[in-house]
$ cat model29.txt   # compact mmCIF, C-alpha atoms
# COMPACT_ATOMS: atom_id res chain seq x y z
CA MET X 239 -21.96 -6.92 16.14
CA ARG X 240 -19.06 -4.66 15.25
CA THR X 241 -18.79 -1.28 16.85
CA ILE X 242 -16.91 1.68 15.45
CA ILE X 243 -14.70 3.77 17.66
CA PHE X 244 -13.97 7.28 16.42
CA LEU X 245 -10.97 8.70 18.14
CA SER X 246 -9.55 12.15 18.31
CA LEU X 247 -5.84 12.34 17.65
CA THR X 248 -3.42 13.53 20.27
CA PHE X 249 -0.34 15.26 18.85
CA PHE X 250 3.11 15.29 20.35
CA THR X 251 5.29 18.19 19.28
CA SER X 252 8.53 17.11 17.65
CA MET X 253 11.95 18.12 18.82
CA CYS X 254 13.88 15.74 16.57
CA PHE X 255 13.44 15.47 12.77
CA SER X 256 10.07 17.26 13.24
CA GLN X 257 8.49 13.94 14.16
CA THR X 258 4.87 14.40 15.22
CA TRP X 259 3.16 11.40 16.78
CA ASN X 260 -0.58 10.70 16.77
CA VAL X 261 -2.32 8.28 19.12
CA GLY X 262 -5.34 6.13 18.36
CA LEU X 263 -7.21 3.64 20.54
CA GLN X 264 -6.16 5.77 23.48
CA GLY X 265 -6.38 4.03 26.83
CA ARG X 266 -5.99 0.52 25.36
CA VAL X 267 -2.82 -1.46 25.89
CA ILE X 268 -1.85 -2.80 22.45
CA SER X 269 0.02 -6.10 22.26
CA ALA X 270 -0.02 -6.92 18.51
CA THR X 271 0.00 -5.11 15.17
CA ALA X 272 -0.42 -6.40 11.60
CA ILE X 273 -1.29 -5.25 8.09
CA ASP X 274 -3.24 -7.19 5.47
CA LYS X 275 -2.88 -7.22 1.67
CA ALA X 276 -5.36 -4.34 1.30
CA GLY X 277 -3.30 -2.12 3.59
CA TYR X 278 -5.76 -2.33 6.49
CA ILE X 279 -4.14 -2.13 9.93
CA TYR X 280 -5.02 -4.52 12.77
CA THR X 281 -4.17 -4.30 16.44
CA GLY X 282 -4.76 -6.62 19.37
CA SER X 283 -5.04 -5.56 22.99
CA THR X 284 -4.11 -7.11 26.31
CA LEU X 285 -7.82 -7.33 27.14
CA GLY X 286 -8.63 -9.77 24.35
CA ALA X 287 -9.89 -7.36 21.67
CA ILE X 288 -8.97 -6.97 17.99
CA PHE X 289 -9.36 -3.64 16.18
CA ARG X 290 -9.03 -2.72 12.49
CA SER X 291 -8.46 0.59 10.72
CA THR X 292 -9.20 1.00 7.00
CA ASN X 293 -8.04 4.64 6.90
CA SER X 294 -4.46 4.58 8.21
CA GLY X 295 -5.39 4.81 11.87
CA VAL X 296 -7.87 7.69 11.77
CA SER X 297 -10.70 5.50 13.09
CA TRP X 298 -11.00 1.90 14.26
CA ASP X 299 -13.56 -0.90 14.09
CA THR X 300 -13.83 -3.41 16.92
CA LEU X 301 -13.74 -6.86 15.27
CA TYR X 302 -13.44 -9.19 18.25
CA ARG X 303 -13.97 -9.07 22.00
CA GLY X 304 -12.94 -12.14 23.93
CA PRO X 305 -12.01 -12.83 27.52
CA ASN X 306 -9.13 -10.91 29.05
CA GLY X 307 -5.80 -12.11 27.71
CA ASN X 308 -3.14 -10.79 25.35
CA ILE X 309 -3.68 -10.91 21.61
CA LEU X 310 -0.09 -11.78 20.72
CA SER X 311 -0.13 -11.94 16.92
CA ILE X 312 -2.44 -11.57 13.91
CA CYS X 313 -2.06 -13.11 10.45
CA PHE X 314 -4.03 -13.68 7.24
CA ASP X 315 -4.47 -16.01 4.27
CA THR X 316 -6.48 -15.78 1.03
CA LEU X 317 -9.07 -18.47 1.80
CA GLY X 318 -12.59 -17.88 3.09
CA ILE X 319 -15.13 -15.27 2.05
CA ALA X 320 -12.79 -12.33 2.54
CA GLY X 321 -9.67 -14.20 3.53
CA ASN X 322 -9.22 -15.86 6.89
CA ILE X 323 -7.93 -13.89 9.87
CA TYR X 324 -6.10 -15.72 12.66
CA ALA X 325 -5.13 -14.25 16.01
CA VAL X 326 -3.25 -15.79 18.92
CA HIS X 327 -5.25 -15.26 22.13
CA TYR X 328 -2.80 -16.19 24.84
CA ARG X 329 -3.90 -19.04 27.13
CA PHE X 330 -7.06 -19.58 25.06
CA GLY X 331 -5.68 -20.67 21.68
CA LEU X 332 -6.14 -19.40 18.13
CA VAL X 333 -9.23 -17.42 17.13
CA LYS X 334 -10.29 -17.45 13.48
CA SER X 335 -12.64 -15.43 11.27
CA SER X 336 -13.52 -16.42 7.70
CA ASN X 337 -15.80 -13.44 7.03
CA ALA X 338 -13.65 -10.33 7.55
CA GLY X 339 -14.15 -10.28 11.31
CA LEU X 340 -17.95 -10.49 11.48
CA SER X 341 -17.81 -13.74 13.47
CA TRP X 342 -15.08 -15.76 15.16
CA SER X 343 -14.43 -19.34 16.23
CA LEU X 344 -11.90 -20.66 18.73
CA ILE X 345 -9.23 -23.27 18.03
CA ASP X 346 -8.49 -23.98 21.68
CA THR X 347 -5.29 -25.19 23.32
CA SER X 348 -6.37 -28.84 23.10
CA PHE X 349 -5.38 -28.64 19.41
CA PHE X 350 -1.83 -27.87 20.62
CA SER X 351 -1.55 -30.58 23.27
CA GLY X 352 -2.27 -28.02 25.97
CA ALA X 353 0.59 -25.72 24.94
CA PHE X 354 0.02 -21.96 24.75
CA PRO X 355 0.26 -20.42 21.26
CA LEU X 356 2.61 -17.44 21.08
CA ARG X 357 2.88 -16.67 17.34
CA ALA X 358 1.05 -17.68 14.17
CA ALA X 359 1.56 -17.30 10.43
CA SER X 360 -0.45 -18.50 7.44
CA THR X 361 0.32 -19.07 3.77
CA LYS X 362 -1.82 -18.01 0.82
CA SER X 363 -2.96 -21.62 0.47
CA GLY X 364 -4.17 -21.79 4.08
CA ILE X 365 -1.42 -23.76 5.77
CA ILE X 366 -1.27 -22.50 9.37
CA HIS X 367 1.95 -22.36 11.37
CA VAL X 368 1.79 -21.88 15.14
CA GLY X 369 4.65 -21.40 17.58
CA THR X 370 3.91 -22.28 21.19
CA ASN X 371 5.74 -22.40 24.50
CA LYS X 372 6.25 -26.13 23.86
CA GLY X 373 7.07 -26.39 20.19
CA TYR X 374 5.91 -25.75 16.62
CA PHE X 375 2.57 -26.97 15.23
CA ARG X 376 1.31 -27.05 11.66
CA SER X 377 -2.13 -27.47 10.08
CA THR X 378 -2.54 -28.44 6.43
CA ASN X 379 -6.34 -28.67 6.59
CA ASN X 380 -7.36 -25.10 7.40
CA GLY X 381 -7.15 -25.59 11.18
CA SER X 382 -9.22 -28.77 11.52
CA SER X 383 -6.21 -30.44 13.14
CA PHE X 384 -2.61 -29.64 14.02
CA GLN X 385 0.52 -31.76 14.14
CA ARG X 386 3.50 -31.02 16.37
CA MET X 387 6.59 -30.89 14.15
CA LEU X 388 9.24 -29.39 16.42
CA PRO X 389 8.88 -30.14 20.16
CA ASP X 390 10.47 -28.78 23.33
CA ILE X 391 11.28 -25.32 22.03
CA SER X 392 9.64 -22.09 23.17
CA ILE X 393 8.82 -20.22 19.95
CA ASP X 394 8.16 -16.52 20.30
CA ASN X 395 8.97 -15.63 16.66
CA LEU X 396 7.75 -17.26 13.47
CA VAL X 397 8.50 -15.77 10.03
CA LEU X 398 7.50 -17.01 6.57
CA ASP X 399 10.00 -16.07 3.88
CA ARG X 400 8.72 -13.20 1.72
CA SER X 401 9.70 -14.89 -1.56
CA ASN X 402 9.23 -18.58 -0.74
CA SER X 403 6.67 -19.70 1.86
CA ASN X 404 8.34 -23.12 2.06
CA PHE X 405 11.11 -21.36 4.01
CA ILE X 406 10.08 -20.87 7.63
CA TYR X 407 12.25 -19.24 10.29
CA ILE X 408 11.68 -19.84 13.98
CA GLY X 409 13.15 -17.70 16.72
CA ALA X 410 13.38 -19.61 19.99
CA THR X 411 14.11 -18.71 23.58
CA SER X 412 15.25 -20.78 26.55
CA PHE X 413 12.38 -19.50 28.68
CA PHE X 414 9.49 -21.54 30.10
CA GLY X 415 11.88 -24.26 31.26
CA VAL X 416 12.20 -25.94 27.87
CA SER X 417 15.14 -28.22 27.30
CA GLN X 418 16.79 -26.56 24.31
CA ALA X 419 18.55 -23.22 24.25
CA GLY X 420 17.46 -20.21 22.26
CA GLY X 421 18.43 -19.58 18.67
CA VAL X 422 17.10 -19.83 15.12
CA TYR X 423 15.73 -22.87 13.30
CA ARG X 424 14.86 -23.09 9.61
CA SER X 425 12.58 -25.24 7.47
CA THR X 426 12.88 -25.39 3.69
CA ASP X 427 9.93 -27.75 3.14
CA GLY X 428 6.99 -25.85 4.58
CA GLY X 429 7.52 -26.97 8.17
CA ALA X 430 7.77 -30.74 7.61
CA THR X 431 11.39 -30.78 8.87
CA PHE X 432 13.71 -28.26 10.50
CA SER X 433 17.43 -27.65 10.65
CA ASP X 434 19.54 -27.81 13.75
CA ASN X 435 19.92 -24.56 15.66
CA LEU X 436 21.56 -22.09 13.24
CA HIS X 437 22.39 -19.48 15.89
CA PRO X 438 22.71 -21.48 19.09
CA ASN X 439 22.65 -20.30 22.70
CA ILE X 440 21.46 -16.77 21.86
CA ASN X 441 17.80 -16.13 22.61
CA CYS X 442 15.68 -14.57 19.88
CA ASP X 443 13.57 -11.70 21.21
CA LYS X 444 12.54 -10.63 17.71
CA LEU X 445 13.02 -12.06 14.20
CA TYR X 446 12.26 -9.93 11.13
CA GLN X 447 12.79 -10.21 7.38
CA SER X 448 13.26 -7.07 5.29
CA ASN X 449 11.79 -6.51 1.83
CA GLN X 450 15.21 -7.35 0.45
CA GLY X 451 15.15 -10.79 2.09
CA ASP X 452 17.74 -10.19 4.82
CA LEU X 453 16.95 -11.49 8.32
CA TYR X 454 17.43 -9.45 11.48
CA LYS X 455 17.49 -10.83 15.00
CA LEU X 456 17.29 -9.04 18.33
CA THR X 457 18.45 -10.41 21.64
CA SER X 458 18.54 -8.54 24.93
CA LEU X 459 20.40 -10.93 27.17
CA PRO X 460 22.72 -8.97 29.46
CA ASP X 461 25.65 -11.31 28.81
CA VAL X 462 25.56 -10.74 25.04
CA ALA X 463 27.35 -7.57 23.95
CA GLU X 464 26.13 -7.53 20.34
CA ASN X 465 22.37 -7.70 20.41
CA LEU X 466 21.43 -6.98 16.79
CA TYR X 467 22.33 -9.62 14.22
CA LYS X 468 21.85 -9.92 10.47
CA SER X 469 21.77 -12.84 8.03
CA THR X 470 22.06 -12.38 4.26
CA ASP X 471 21.86 -16.11 3.42
CA LYS X 472 18.39 -17.04 4.75
CA GLY X 473 19.53 -17.70 8.29
CA LEU X 474 22.48 -20.00 7.68
CA THR X 475 25.06 -17.57 9.08
CA TRP X 476 24.76 -14.48 11.28
CA ILE X 477 26.88 -11.38 11.80
CA ALA X 478 26.70 -9.00 14.77
CA LEU X 479 25.80 -5.43 13.79
CA GLY X 480 26.24 -4.01 17.28
CA SER X 481 24.25 -2.94 20.29
CA THR X 482 20.87 -1.26 20.26
CA PRO X 483 19.39 1.06 22.88
CA ALA X 484 18.44 -0.75 26.09
CA SER X 485 15.85 -3.54 26.11
CA ALA X 486 15.05 -3.53 22.39
CA ARG X 487 12.09 -5.82 21.65
CA GLU X 488 11.14 -4.83 18.10
CA VAL X 489 13.08 -4.35 14.87
CA ILE X 490 11.69 -3.38 11.46
CA LEU X 491 13.22 -1.86 8.33
CA SER X 492 12.02 0.80 5.93
CA PRO X 493 10.80 -0.65 2.61
CA SER X 494 14.04 0.45 0.96
CA GLY X 495 16.11 -1.32 3.63
CA ASN X 496 18.17 1.81 4.21
CA GLU X 497 16.87 2.50 7.72
CA ILE X 498 16.50 0.25 10.76
CA PHE X 499 13.95 1.05 13.46
CA VAL X 500 13.94 -0.50 16.92
CA GLY X 501 11.38 -0.29 19.69
CA CYS X 502 12.87 -0.20 23.17
CA PHE X 503 12.12 0.48 26.80
CA SER X 504 13.12 4.10 26.20
CA GLY X 505 11.32 4.71 22.90
CA VAL X 506 11.70 4.36 19.13
CA TYR X 507 15.11 4.74 17.51
CA LYS X 508 16.38 4.88 13.93
CA SER X 509 19.72 3.95 12.41
CA SER X 510 20.74 4.95 8.89
CA ASN X 511 24.16 3.29 9.05
CA ASN X 512 23.34 -0.38 9.65
CA GLY X 513 23.06 -0.14 13.41
CA THR X 514 26.24 1.78 14.19
CA ASN X 515 24.45 4.85 15.52
CA TRP X 516 20.90 5.37 16.79
CA THR X 517 18.71 8.47 17.00
CA ASN X 518 15.50 8.76 19.02
CA LEU X 519 12.45 9.75 16.95
CA ASN X 520 10.92 12.05 19.56
CA TYR X 521 9.19 9.07 21.17
CA THR X 522 10.23 7.96 24.64
CA TYR X 523 7.58 5.44 25.65
CA TRP X 524 8.20 1.74 26.16
CA ASN X 525 7.05 -0.20 23.07
CA THR X 526 7.35 -3.77 21.84
CA THR X 527 5.52 -4.07 18.51
CA ALA X 528 5.57 -2.05 15.28
CA ILE X 529 4.64 -2.10 11.61
CA ILE X 530 5.18 0.21 8.66
CA ALA X 531 2.03 0.91 6.64
CA ASN X 532 1.12 3.62 4.14
CA ASN X 533 4.33 5.58 4.77
CA LYS X 534 3.77 5.61 8.52
CA ILE X 535 5.30 3.70 11.39
CA PHE X 536 2.82 2.41 13.99
CA VAL X 537 3.99 1.39 17.46
CA ASN X 538 2.30 0.40 20.70
CA THR X 539 3.13 1.73 24.13
CA LEU X 540 3.39 -0.21 27.36
CA SER X 541 4.02 2.89 29.46
CA SER X 542 1.36 4.00 31.92
CA SER X 543 0.16 6.77 29.63
CA PRO X 544 -0.75 7.47 26.92
CA TRP X 545 -1.63 3.88 26.07
CA GLY X 546 -2.73 3.22 22.51
CA ILE X 547 -1.33 2.82 19.00
CA HIS X 548 1.01 5.66 18.02
CA SER X 549 1.93 6.67 14.48
CA THR X 550 4.12 9.14 12.64
CA ASP X 551 4.98 9.83 9.01
CA LEU X 552 8.19 8.31 7.73
CA LEU X 553 8.81 10.99 5.08
CA THR X 554 7.85 14.53 4.28
CA ASN X 555 9.01 15.08 0.71
CA ILE X 556 10.30 13.22 -2.31
CA ASN X 557 13.94 13.72 -1.36
CA ASP X 558 13.26 11.63 1.76
CA ALA X 559 11.04 9.16 -0.08
CA ILE X 560 11.23 5.45 0.61
CA ALA X 561 12.58 3.88 -2.58
CA GLN X 562 12.51 0.37 -3.92
CA THR X 563 15.40 -0.65 -6.14
CA LEU X 564 15.69 -3.66 -8.45
CA PRO X 565 18.35 -4.52 -9.50
CA GLU X 566 20.60 -1.44 -8.98
CA TYR X 567 19.47 0.70 -11.88
CA ILE X 568 15.69 0.93 -11.35
CA THR X 569 14.14 2.93 -8.52
CA LEU X 570 10.45 3.39 -7.74
CA TYR X 571 9.79 6.04 -5.11
CA GLN X 572 6.73 6.14 -2.89
CA ASN X 573 4.05 8.41 -4.35
CA TYR X 574 3.46 11.77 -2.70
CA PRO X 575 1.25 12.84 -1.11
CA ASN X 576 0.09 9.52 0.30
CA PRO X 577 -2.73 9.25 1.32
CA PHE X 578 -3.99 11.49 -1.52
CA ASN X 579 -7.22 13.08 -2.78
CA PRO X 580 -7.67 13.12 -5.67
CA ALA X 581 -4.21 13.45 -7.28
CA THR X 582 -0.74 12.17 -6.46
CA THR X 583 2.69 12.04 -8.08
CA ILE X 584 4.61 8.83 -8.81
CA VAL X 585 8.35 9.11 -9.30
CA TYR X 586 10.71 6.55 -10.81
CA GLU X 587 14.36 6.68 -11.79
CA LEU X 588 16.39 4.83 -14.42
CA LYS X 589 20.17 4.59 -14.38
CA LYS X 590 20.19 3.57 -18.05
CA ALA X 591 17.81 3.79 -21.01
CA GLU X 592 15.04 1.19 -20.94
CA ASN X 593 11.52 0.40 -22.12
CA ILE X 594 9.10 0.83 -19.21
CA SER X 595 5.46 0.31 -18.30
CA LEU X 596 3.79 1.97 -15.32
CA LYS X 597 0.29 0.69 -14.47
CA ILE X 598 -2.28 1.20 -11.71
CA TYR X 599 -4.09 -1.76 -10.13
CA ASP X 600 -6.85 -2.04 -7.57
CA ALA X 601 -6.56 -4.04 -4.32
CA LEU X 602 -7.88 -7.18 -6.05
CA GLY X 603 -5.14 -7.07 -8.68
CA ASN X 604 -7.31 -5.74 -11.53
CA GLU X 605 -5.48 -3.47 -13.96
CA LEU X 606 -7.12 -0.01 -14.07
CA LYS X 607 -4.88 2.12 -16.25
CA GLU X 608 -1.44 2.38 -17.81
CA ILE X 609 -0.20 5.86 -16.99
CA ASP X 610 3.23 5.75 -18.62
CA ASN X 611 5.08 3.56 -21.11
CA GLY X 612 7.68 3.44 -23.86
CA PHE X 613 11.41 3.93 -24.23
CA LYS X 614 12.94 6.25 -21.65
CA ASN X 615 16.44 7.63 -21.36
CA ALA X 616 18.30 7.49 -18.05
CA GLY X 617 16.91 9.96 -15.54
CA ARG X 618 14.16 10.69 -13.04
CA TYR X 619 10.53 10.84 -14.18
CA LYS X 620 7.42 12.19 -12.48
CA VAL X 621 3.96 10.97 -13.47
CA ASN X 622 0.71 12.43 -12.15
CA PHE X 623 -2.18 10.12 -11.33
CA SER X 624 -5.73 11.18 -10.52
CA GLY X 625 -8.18 9.06 -8.55
CA GLU X 626 -11.04 11.49 -9.12
CA ASN X 627 -13.34 8.81 -10.54
CA LEU X 628 -12.26 6.08 -8.12
CA PRO X 629 -13.62 5.21 -4.66
CA SER X 630 -11.50 5.51 -1.53
CA GLY X 631 -9.27 2.50 -1.03
CA ILE X 632 -5.90 0.88 -1.62
CA TYR X 633 -4.35 0.91 -5.09
CA PHE X 634 -0.99 -0.17 -6.44
CA ALA X 635 1.47 1.37 -8.89
CA ARG X 636 3.47 -1.29 -10.75
CA LEU X 637 6.62 -0.36 -12.67
CA THR X 638 7.92 -2.98 -15.10
CA VAL X 639 11.37 -2.59 -16.64
CA ASN X 640 13.13 -5.30 -18.63
CA GLY X 641 11.19 -8.08 -16.91
CA ASN X 642 11.70 -6.63 -13.42
CA THR X 643 8.70 -5.33 -11.49
CA LEU X 644 8.46 -2.92 -8.56
CA THR X 645 5.22 -2.13 -6.74
CA SER X 646 4.17 0.65 -4.36
CA ARG X 647 0.92 1.07 -2.41
CA LEU X 648 -1.28 4.13 -3.01
CA VAL X 649 -3.93 5.18 -0.48
CA LEU X 650 -6.88 7.20 -1.82
CA LEU X 651 -8.91 8.86 0.97
CA LYS X 652 -11.95 10.96 0.02
$ encode --input "model29.txt" --output "structure tokens"
Amino acid sequence: MRTIIFLSLTFFTSMCFSQTWNVGLQGRVISATAIDKAGYIYTGSTLGAIFRSTNSGVSWDTLYRGPNGNILSICFDTLGIAGNIYAVHYRFGLVKSSNAGLSWSLIDTSFFSGAFPLRAASTKSGIIHVGTNKGYFRSTNNGSSFQRMLPDISIDNLVLDRSNSNFIYIGATSFFGVSQAGGVYRSTDGGATFSDNLHPNINCDKLYQSNQGDLYKLTSLPDVAENLYKSTDKGLTWIALGSTPASAREVILSPSGNEIFVGCFSGVYKSSNNGTNWTNLNYTYWNTTAIIANNKIFVNTLSSSPWGIHSTDLLTNINDAIAQTLPEYITLYQNYPNPFNPATTIVYELKKAENISLKIYDALGNELKEIDNGFKNAGRYKVNFSGENLPSGIYFARLTVNGNTLTSRLVLLK
């Protein structure tokens, strides 16, 4: 049976950029974070529990309680009653729910030849990819069996390409006594075959792909001066961006790609100039996992206190809004306020005159309303949208211009 934990929020007064941090799940050591297609946030703890928030971290459901052991990663597909949820439970295997977390089954380590799963990812069609301390495994039958496709590599990072799930990126380390050195490996055929090491002899502490498709890699080895790398050609070549603050273990980008965030031993830092300079975001706790959801950044803490999942707003007004741009003359800004009740403002910008269509969809992809359309001159436009007659939930604004489409997530909380 699921239990619901209602948590009061602890606020930390900002001294830099007016960043105010809230903490949920206080007292729990969080080891994994994820977000599903509906915008719900999931966390896993070091004591074998999985929690979910459907209201941007205000309250949390307990979905799973297993034996003590780190939940290392959480992923989703579109199969099952409400979509399958998979979570890596270190030393036990892969736990799976096909009914939105009401019940769980265990795919134990015998499916992985006794290796310990470290990361997992799943495609929309249900193909499951698992990185372990002794290689990469793949299931094409919804987890009934797994085949080892890439042996003798310790895989702590596994990323499916945002635009083509046949492209798989693996970040490897030389830990656990495996024979091959760290680096990055790539598959272009859904995991059937992999390239040679594309970034050899440099361990991969974190691998991340931005919304724009660029790959970012963190390494914290003391003998490597440049520990943040970037690839703009799907992992084939890498350039060093420079050093991050000490012991960085997490890297994510804002949806626009204009800001890089890293989680380190000494806190959370932001760079607005491609990693040249870093500024602390009024957060000085050790953290190793992060996501961006609903205009907030969520991070864990591994410091002694306050344990939990911490969050702060990424923007405060439209001038700071996270924008999506495709190709260079169309910009869709994040709506504000977000979350909203019942009204919000959607802003888009055109660099030249175009015919446009702006529509609202629900979380299942059903079109609800077209709120703007027609021929527009170059300029910035603001459109008001009211959710007065809609239930609380996740909605999407979709801007279509000359065959190009941009989408932003709207959160209605009543």
$ closest_residue --input "model29.txt" --among "X:Glu497, X:Asp427, X:Asp443, X:Asp394" --to "X:Asn512" --atoms "only C-alpha atoms"
X:Glu497
$ residues_around --input "model29.txt" --residues "stretch 428-437 of chain X" --least-positions-apart "2" --cutoff "7 Å" --atoms "all atoms listed in the file" --output "list of chain:residue names"
X:Met387, X:Ser403, X:Asn404, X:Phe405, X:Ile406, X:Gly421, X:Val422, X:Tyr423, X:Arg424, X:Ser425, X:Thr426, X:Asn439, X:Ile440, X:Gly473, X:Leu474
$ closest_residue --input "model29.txt" --among "X:Lys334, X:Lys652, X:Arg376, X:Lys607" --to "X:Pro577" --atoms "all atoms listed in the file"
X:Lys652
$ residues_around --input "model29.txt" --residues "X:Thr284" --least-positions-apart "2" --cutoff "9 Å" --atoms "only C-alpha atoms" --output "PyMOL selection string"
chain X and resi 266-270+282+286-287+306-310
$ atom_distance --input "model29.txt" --atom1 "atom CA of X:Leu644" --atom2 "atom CA of X:Thr569"
8.2 Å
$ axis_aligned_box --input "model29.txt" --around "stretch 296-299 of chain X" --padding-each-side "8 Å" --output "lines of an AutoDock Vina configuration file"
center_x = -10.7
center_y = 3.4
center_z = 13.0
size_x = 21.7
size_y = 24.6
size_z = 18.5
$ closest_residue --input "model29.txt" --among "X:Val489, X:Val506, X:Cys442, X:Ile323" --to "X:Asn520" --atoms "all atoms listed in the file"
X:Val506
$ atom_distance --input "model29.txt" --atom1 "atom CA of X:Ser363" --atom2 "atom CA of X:Ser348"
24.0 Å
$ residues_around --input "model29.txt" --residues "X:Asn576" --least-positions-apart "6" --cutoff "9 Å" --atoms "all atoms listed in the file" --output "PDB file with C-alpha atoms, in the frame of the given file"
ATOM      1  CA  ASN X 532       1.120   3.620   4.140  1.00  0.00           C
ATOM      2  CA  ASN X 533       4.330   5.580   4.770  1.00  0.00           C
ATOM      3  CA  THR X 582      -0.740  12.170  -6.460  1.00  0.00           C
ATOM      4  CA  ARG X 647       0.920   1.070  -2.410  1.00  0.00           C
ATOM      5  CA  LEU X 648      -1.280   4.130  -3.010  1.00  0.00           C
ATOM      6  CA  VAL X 649      -3.930   5.180  -0.480  1.00  0.00           C
ATOM      7  CA  LEU X 650      -6.880   7.200  -1.820  1.00  0.00           C
TER       8      LEU X 650
END
